[in-house]
Structures are given as structure tokens and as C-alpha cells.
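Here is the structure we will look at, set down as C-alpha cells.
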Amino acid sequence: MSSSIQEQDYTQKFSLSLWRRILNHTPQYKPMLVWLMVCMGISAVIDVAFPMMTRYAIDHFIAEKTTEGLPGFIALYALLTLTQVVTIYCFLYLGGKIETGVCYEMRCQGFRKLQELPFSYYDKMPVGYLMSRLTSDSVRLSETVGWSLLDLSWGVVYLILSIAAMLSVDVRLTLLVLLVVPPLGAVSWFFQQRILKAHRGVRKINSQITGSFNEGIMGAKTTKTLVREKENLKEFEALTENMRSTSVRAASLSALYLPIVVSLGSIATAIALWQTGNMALAGALKLGTVMLFINYTVQFFDPIRGIAGTFSEMQSAQAAAERVVSLLETEPGIKDTEEVIERFGDSFHPKKENWPDIRGDIVFDHVDFQYQDGEKVLEDFNLRVRAGETVALVGPTGAGKSTVVNLVCRFYEPTKGEILIDGVDYRERSQLWLQSNLGYVLQEPHLFSGTVMDNIRYSRLDATDEEVMEAARLVSADTFIQRLDKGYQTEVGEGGSRLSTGEKQLISFARALLASPAIFVLDEATSSVDTHTEQVIQQAIEKVLAGRTSFIIAHRLSTVRNADRILVIDGGKIAESGTHQELMSKKGAYWRLYTTQFREEKEQELLGGKENI
Ligand SMILES: Nc1ncnc2c1ncn2[C@@H]1O[C@H](COP(=O)(O)OP(=O)(O)O)[C@@H](O)[C@H]1O
Ligand SMILES: [Mg+2]
């Protein structure tokens with residue numbers, strides 16, 4: 001896991017434009033947000049009205065000892081209470097709806113984006129990091145969108161109206177009481193910033209711990225074989241200790257903040273009490289007014305804490321928001337042009353009626369290629385593969401074999417030169433068109449949770465059970481599948497964890513075959529099956545690949561002997577090319593590779609034979 005990416009902190013300053021961008025991704029929630037603010041405004045108005053009601057009650061009914069107008073007063077009071085109940089229901093409903101809705105929307109869009117992004121994107125992005133964008137970051141972002149505005153609009157309206165209400169009663173007194181607002185604001189801002197920073201620290205360490213779990217679990221076997229348990233534990237303990245101290249700091253800051261603001265609020269109340277009390281004693285102020293001031297000042301710190309809290313909260317959620325938005329706004333490095341999309345459709349709305357048939361004639365025309373921030377892997381690479389031809393790529397690890405086939409699949413595009421399919425630069429056709437005509441069996445096959453049947457059918461969802469089984473039979477996967485406890489209905493576990501790599505390869509081979517593609521790519525697809533199975537697959541391959549353009553990369557050279565053409569790749573160049581017979585009689589690089597491997601295999605056989613005796 002790359003911690004440098006994980007811990008990257010984005011904008012620190014409060015950024016309104018970022019939040020606007022988020023709303024632009026979820027425009028359907030804008031009206032709801034407006035309604036939420038309206039609700040909060042109404043709620044604040046009512047909260048401000050109650051002390052006014054109390055004042056009236058004291059000065060009118062109690063002081064004058066009368067019940068005149070009492071029914072009206074009670075009715076109004078009941079109405080206000082009822083309205084308050086309704087607004088509380090509404091804002092809780094709206095806030096919840098916005099929170100879950102925005103989260104859902106972000107996850108859908110993020111997931112969709114991840115489907116569109118090319119292979120190269122995944123080279124740089126650790127899986128855990130992407131996961132956290134779609135999980136915790138989305139949650140955090142939508143929480144903030146849902147609830148922050150609520151505190152903010154309530155706080156602002158309440159503060160303004162209560163000050164206005166006090167001013168309308170007594171200007172001098174109001175100004176006196178307002179003296180505590182600046183320190184209250186300053187203290188709130190100071191603490192909220194630090195509290196959130198500490199919380200952010202906690203979250204950061206938390207994600208490191210999750211990452212550490214992740215690696216600990218995934219790498220458990222490696223750890224054990226390397227006897228690294230002790231070191232790992234030590235690293236992990238350091239992390240958790242750091243987590244503890246940071247959490248304690250966050251908690252102590254919160255513990256300190258609340259008493260301070262409450263005290264400041266009490267000072268305002270004390271001032272109000274002292275002044276109004278004196279004035280009331282002197283007969284200059286009615287008791288109701290005294291109560292009014294006290295009621296407002298007791299509550300003073302609430303809106304201020306709300307406002308300061310909202311800004312800090314938004315500022316701190318900004319990191320999460322920025323990560324999610326940057327995922328949503330990532331421009332895929334490999335993208336169909338406007339004209340191509342216009343003509344052939346995009347991944348989600350393909351216009352299949354315009355798709356040309358594919359023959360599978362492939363040309364590398366002066367292709368240069370390098371991975372991002374990597375060295376040049378291919379330089380002036382030229383190759384012509386005729387439709388239906390089977391080409392094998394052999395050569396040392398790191399020679400560039402996988403790179404060549406990845407370029408054929410357009411998982412990457414040439415940095416210079418072009419790749420023509422049926423005589424047309426493949427960038428003039430849609431990615432989906434190519435990939436729909438492509439069967440690719442990966443070096444490390446990936447299975448999805450679900451049954452064996454589901455996994456094979458993944459490449460062509462409308463395939464019947466018979467077709468699935470036929471594909472499995474062709475690649476000789478059915479023998480082992482039938483041995484599984486539930487046959488085709490056996491669950492493969494997460495990522496196919498209940499199967500061996502060889503079994504996974506057989507399944508992914510069947511899967512690729514089921515789609516019946518014009519172009520077939522096998523990148524070390526049989527590297528993890530035993531020699532016997534490989535021979536069986538070998539025969540299947542010949543049947544399967546007949547009439548299809550195919551690229552086979554194989555470590556075991558016996559697998560590729562029957563290819564129409566064998567290319568020896570070395571250092572990104574074609575070192576030799578020809579049929580097995582031609583290359584063997586040439587006694588060059590291929591011959592050396594072949595004889596060495598042949599000798600090694602014989603030795604293995606002999607050794608293995610001895611052990612058996
Ligand atoms: N995703 C990648 N990012 C950067 N460099 C890569 C990547 N994949 C392969 N390379 C580099 O490109 C070269 C060719 O690799 P590859 O095509 O995988 O070789 P082969 O399949 O023949 O073993 C190697 O030097 C390898 O380190
Ligand atoms: Mg490879």
C-alpha cells in the first residue's frame with residue numbers, strides 16, 4: 001500500500017467551489033437542500049419566538065394578574081409548538097434523505113468511473129485507497145452535505161433574530177451582552193480547528209491500521225514463511241499507540257472546549273442578569289424583559305458553536321470530498337474520441353448496429369511504448385499478425401511480452417506509432433468494440449464471488465447452462481468441476497479463494513472461450529496447471545484457436561510448439577521469428593531456450609522418478 005498517496009492532504013483552506021462541484025454532481029439534491037435551509041430558518045424563528053412569548057406571558061398575564069387574551073396566547077403557543085414539531089420532522093427527514101442519497105449517488109458514480117478507467121489507472125492506485133474513496137470518504141462527504149448546512153442555517157438565523165429581538169427591547173443592554181460574542185467566536189474557531197485536526201489525525205492513523213490489517217491478512221502466508229511476525233507486530237503496535245495518543249488529544253480538546261464556551265455564555269448571562277436585575281429593581285425594566293435577555297444569552301453559545309463547527313467540519317471533510325470528486329472527475333487516459341462515441345456509442349450505451357465486423361488482422365506500425373514514468377519498453381516495434389494466425393511470444397521475464405499483448409488489448413495505447421486492426425487505427429473504433437471481440441486470460445486470473453457457473457457465464461450472460469458446460473469441457477475444466485462438492489453450483493469464495501490457481505486459470509479460460517472472441521490472448525494462462533492438464537488444454541487450445549487471431553505467452557515452450565509463428569522477444573525487440581522447426585534448425589536464442597528447458601524438465605522427471613521409488 002502506498003502510504004504517500006493515502007496520506008496526501010488536499011486543500012486546507014475552506015473551499016466553497018469544491019462543495020459547489022459536489023452539488024453539481026448531485027443536482028437532484030439541490031432543491032432538497034434549499035428546503036432543508038428553509039426548515040432550519042423556520043425552526044430558528046420559532047426558537048427566537050419562544051422567549052418573546054415568555055416575556056409577554058410574564059409582563060402581561062403574571063404582572064397584570066389577568067387572563068385576558070389567554071386563549072389566543074395558548075393557541076399561538078400551541079401553533080408554534082406544532083410547527084416546531086413539523087419542522088424538526090422535516091429537517092431530520094430531509095437531512096437523512098440527502099445524506100443517504102448523496103452517498104449512494106457518489107458511490108454509483110464512483111463505481112461507474114472505476115469501470116471506465118483504463119488499466120494504467122490501477123497501476124498507480126492502491127486498491128485500499130480506491131475502496132476508501134467509495135466507502136468512508138463517500139460517507140463522510142454526504143454526512144457533511146446532509147447535516148452541516150442544517151447547523152449553519154439555524155445558527156445564522158437564530159443569532160441574527162435573537163440579536164434583533166434584544167435590540168428591539170433595549171439597545172444598550174444588547175450591546176453590552178454582545179461583548180462576549182467575539183471571544184466566543186474566537187475560542188470556538190480556535191478549538192474547533194484543533195479538535196478537527198486531531199480527529200483527522202485519528203482517521204489517518206485509522207486508515208493506516210486498516211491498510212495494515214489488509215496487508216497482514218493478505219500477506220499472512222508470506223509473513224509466516226519469512227518469520228516476520230515479530231517485526232510486523234511491533235510496527236502494528238506503534239501504529240495503535242499513535243492512534244491512542246492522538247485520540248486522547250482529540251478527546252481532551254473537546255473536553256476543554258465545552259466548559260470554556262459554556263462559561264463564556266454564562267458570563268453573558270451574568271452580565272444580563274446583573275444589569276437587567278438592577279434596572280428591574282429600579283423599576284426601569286419589566287421582569288419579562290429580564291427573562292428575555294436571560295433566555296437568549298443562556299443559549300448564545302449554541303448558534304456560535306454551530307457556525308464555527310460547521311465551517312471546521314466542512315473544512316475537514318474537504319479532504320474526503322476532494323478525493324471523491326477527483327475520482328469522479330478523473331479523465332481516463334484512454335478515452336474514445338467524440339467522433340468515435342458519436343458513431344459507436346460509449347461503454348454504457350453502445351451502438352452495436354454501427355459496429356464493423358472484426359477479422360482480426362493486427363499490425364504494429366512503428367510502435368513506441370513506455371509506462372507512465374517508466375523507461376521505454378518498446379521502441380519502433382513492428383509486427384503484422386494475419387487474421388486467424390496463432391503467434392507465440394517467448395523470452396525472458398521483463399522482456400515486454402505482456403506489454404505487447406496489453407497494447408493489442410488497448411489496455412494501454414502506443415506512445416508513438418499506431419496499432420491497426422483490420423487496417424484501421426484502433427483508436428478510431430470504440431474500446432468496447434475491441435474488447436467485445438477479445439478473449440483475454442490473465443496471468444493471475446480473477447474470479448468473482450459466486451458459483452463456478454456464474455463465473456464462466458460472466459463473459460456472456462445469455463449463455464445457457466449447456467453452453468457454459470460445453471466451454472468448460474473444451475478446456476478440460478469439467479473433470480475438476482465435477483469433483484467439487486456441488487459441481488457447477490459450488491461457490492468459489494471471494495476472489496476464487498477456494499480454488500487453486502490452476503483451477504482458476506481453467507475457469508477463466510472457459511470464460512474467455514464462452515464469449516467466442518475473434519482475438520484471443522493467453523498470457524501465461526497455463527503456467528499454474530500441471531503438465532498433464534496442460535497437454536489436455538494444449539489440444540483444446542488448438543481447437544479453440546483455430547480461425548482466431550491469437551497471442552500465446554507461455555513459459556513452457558512445449559505449449560507453443562504448434563504456433564504458426566514464434567517470436568522471441570528480448571529487451572522489447574523481436575530477436576527471432578519463425579516456426580518451431582525453423583527456429584530449432586537456426587540454433588539461435590529459441591533453440592537455446594528450448595534445449596535448456598527440455599534438459600531441466602528431463603532432470604526434474606528423473607529426480608521426481610527417484611523420489612517415487
Ligand atoms: N504497469 C507497469 N508500470 C511500469 N512498468 C511496467 C509495468 N508493467 C511492466 N513494466 C515494465 O515493462 C517491462 C516489460 O514488462 P512485461 O511486458 O510485463 O514483461 P514480460 O511479460 O515479458 O515478463 C519490464 O521492465 C517491467 O518492469
Ligand atoms: Mg508477462
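Ligands are numbered from 1 in the order shown, residues from 1 within each chain, and chains are lettered A, B, ... in the order they appear in the C-alpha cells.
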Show me which residues are within 6 Å of ligand 1 counting only C-alpha atoms and all ligand atoms, and format the list as a PyMOL selection string. chain A and resi 123+371+374+377+397-403
Can you list, as a ChimeraX atom specification, every protein, DNA or RNA residue that comes within 7 Å of region 50-54 of chain A when you count only C-alpha atoms, leaving out same-chain residues fewer than 3 positions away? /A:46-47,57-58,292,295
Using only N, CA and C atoms, please write the residues we just selected to a file, as a compact mmCIF listing (two decimals), in the first residue's frame.
# COMPACT_ATOMS: atom_id res chain seq x y z
N ILE A 46 -38.82 30.13 15.27
CA ILE A 46 -39.65 29.69 16.40
C ILE A 46 -38.84 29.68 17.70
N ASP A 47 -37.59 29.22 17.60
CA ASP A 47 -36.75 29.23 18.80
C ASP A 47 -36.58 30.64 19.35
N ALA A 57 -45.95 36.64 28.42
CA ALA A 57 -46.72 35.96 29.47
C ALA A 57 -46.42 36.58 30.83
N ILE A 58 -45.13 36.82 31.10
CA ILE A 58 -44.77 37.37 32.41
C ILE A 58 -45.28 38.79 32.57
N LEU A 292 -36.29 37.63 29.07
CA LEU A 292 -35.98 37.57 27.64
C LEU A 292 -34.47 37.57 27.43
N ASN A 295 -32.91 34.35 28.73
CA ASN A 295 -33.17 33.22 27.83
C ASN A 295 -32.25 33.22 26.62
Enumerate as an MDAnalysis selection string the residues within 12 Å of ligand 2, counting only C-alpha atoms and all ligand atoms. chainID A and resid 393:406 441:444 521:525 527 552:555 569
Generate a file of the selected residues that holds N, CA and C atoms, formatted as a tab-separated table (two decimals), in the first residue's frame.
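Generated output (again-v2.tsv):
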chain	number	residue	atom	x	y	z
A	393	LEU	N	4.61	-15.70	-28.08
A	393	LEU	CA	5.68	-14.81	-27.64
A	393	LEU	C	6.45	-15.51	-26.54
A	394	VAL	N	7.74	-15.67	-26.74
A	394	VAL	CA	8.55	-16.27	-25.68
A	394	VAL	C	9.73	-15.35	-25.38
A	395	GLY	N	10.37	-15.60	-24.28
A	395	GLY	CA	11.51	-14.77	-23.93
A	395	GLY	C	11.59	-14.57	-22.44
A	396	PRO	N	12.68	-13.96	-21.97
A	396	PRO	CA	12.88	-13.82	-20.53
A	396	PRO	C	11.84	-12.92	-19.87
A	397	THR	N	11.72	-13.06	-18.57
A	397	THR	CA	10.82	-12.20	-17.79
A	397	THR	C	11.23	-10.74	-17.96
A	398	GLY	N	10.26	-9.86	-18.13
A	398	GLY	CA	10.55	-8.45	-18.27
A	398	GLY	C	10.93	-8.05	-19.68
A	399	ALA	N	10.83	-9.00	-20.62
A	399	ALA	CA	11.23	-8.69	-21.99
A	399	ALA	C	10.24	-7.78	-22.68
A	400	GLY	N	8.98	-7.79	-22.21
A	400	GLY	CA	7.98	-6.94	-22.84
A	400	GLY	C	6.85	-7.73	-23.49
A	401	LYS	N	6.77	-9.02	-23.21
A	401	LYS	CA	5.73	-9.85	-23.83
A	401	LYS	C	4.33	-9.39	-23.41
A	402	SER	N	4.15	-9.25	-22.11
A	402	SER	CA	2.82	-8.83	-21.64
A	402	SER	C	2.50	-7.44	-22.17
A	403	THR	N	3.51	-6.61	-22.26
A	403	THR	CA	3.29	-5.26	-22.76
A	403	THR	C	2.73	-5.30	-24.18
A	404	VAL	N	3.29	-6.16	-25.01
A	404	VAL	CA	2.81	-6.26	-26.39
A	404	VAL	C	1.34	-6.64	-26.42
A	405	VAL	N	0.97	-7.67	-25.64
A	405	VAL	CA	-0.43	-8.07	-25.71
A	405	VAL	C	-1.36	-7.07	-25.02
A	406	ASN	N	-0.86	-6.39	-24.00
A	406	ASN	CA	-1.69	-5.35	-23.38
A	406	ASN	C	-1.98	-4.22	-24.36
A	441	VAL	N	-7.05	-14.19	-21.20
A	441	VAL	CA	-6.87	-14.97	-19.97
A	441	VAL	C	-5.61	-14.47	-19.29
A	442	LEU	N	-5.82	-13.95	-18.11
A	442	LEU	CA	-4.73	-13.28	-17.41
A	442	LEU	C	-3.79	-14.24	-16.72
A	443	GLN	N	-2.61	-13.69	-16.47
A	443	GLN	CA	-1.60	-14.41	-15.72
A	443	GLN	C	-2.14	-14.78	-14.33
A	444	GLU	N	-2.73	-13.78	-13.68
A	444	GLU	CA	-3.34	-14.04	-12.38
A	444	GLU	C	-4.84	-13.89	-12.55
A	521	VAL	N	-6.12	-13.88	-26.31
A	521	VAL	CA	-4.83	-13.62	-25.71
A	521	VAL	C	-4.66	-14.51	-24.48
A	522	LEU	N	-3.63	-15.30	-24.47
A	522	LEU	CA	-3.35	-16.14	-23.30
A	522	LEU	C	-1.99	-15.72	-22.76
A	523	ASP	N	-2.01	-15.01	-21.63
A	523	ASP	CA	-0.75	-14.55	-21.07
A	523	ASP	C	-0.39	-15.47	-19.90
A	524	GLU	N	0.50	-16.39	-20.14
A	524	GLU	CA	0.90	-17.38	-19.13
A	524	GLU	C	-0.32	-18.04	-18.52
A	525	ALA	N	-1.31	-18.27	-19.38
A	525	ALA	CA	-2.59	-18.74	-18.86
A	525	ALA	C	-2.50	-20.17	-18.35
A	527	SER	N	0.30	-21.40	-16.86
A	527	SER	CA	1.54	-21.53	-16.09
A	527	SER	C	1.33	-22.28	-14.78
A	552	ILE	N	-0.18	-16.18	-27.74
A	552	ILE	CA	0.04	-17.04	-26.58
A	552	ILE	C	1.39	-16.70	-25.97
A	553	ILE	N	1.37	-16.37	-24.71
A	553	ILE	CA	2.63	-16.22	-23.98
A	553	ILE	C	2.71	-17.41	-23.05
A	554	ALA	N	3.77	-18.15	-23.15
A	554	ALA	CA	3.86	-19.32	-22.28
A	554	ALA	C	5.28	-19.49	-21.81
A	555	HIS	N	5.36	-19.89	-20.56
A	555	HIS	CA	6.68	-20.14	-20.03
A	555	HIS	C	7.19	-21.48	-20.56
A	569	ILE	N	11.05	-12.59	-27.88
A	569	ILE	CA	11.14	-11.17	-27.51
A	569	ILE	C	12.28	-11.01	-26.52
Under the rule that only C-alpha atoms are counted, which of A:Lys286, A:Phe191, A:Ala280, A:Thr246 is the nearest residue to Glu64 (chain A)? A:Lys286
When you look at Ser148 (chain A) with a cut-off of 12 Å (counting only C-alpha atoms), what residues show up, excluding the ones that are within fewer than 6 positions of it in the same chain? I need them as a list in words.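 Selected residues are Trp19, Leu33, Leu36, Met37, Met40, Phe91, Gly95, Gly96, Ile98, Glu99, Arg140, Leu141, Ser142, Trp154, Gly155, Gly306, Ile307, Ala308, Gly309, Thr310, Phe311, Ser312, Glu313, Met314, Gln315, Ser316 and Ala317 of chain A.
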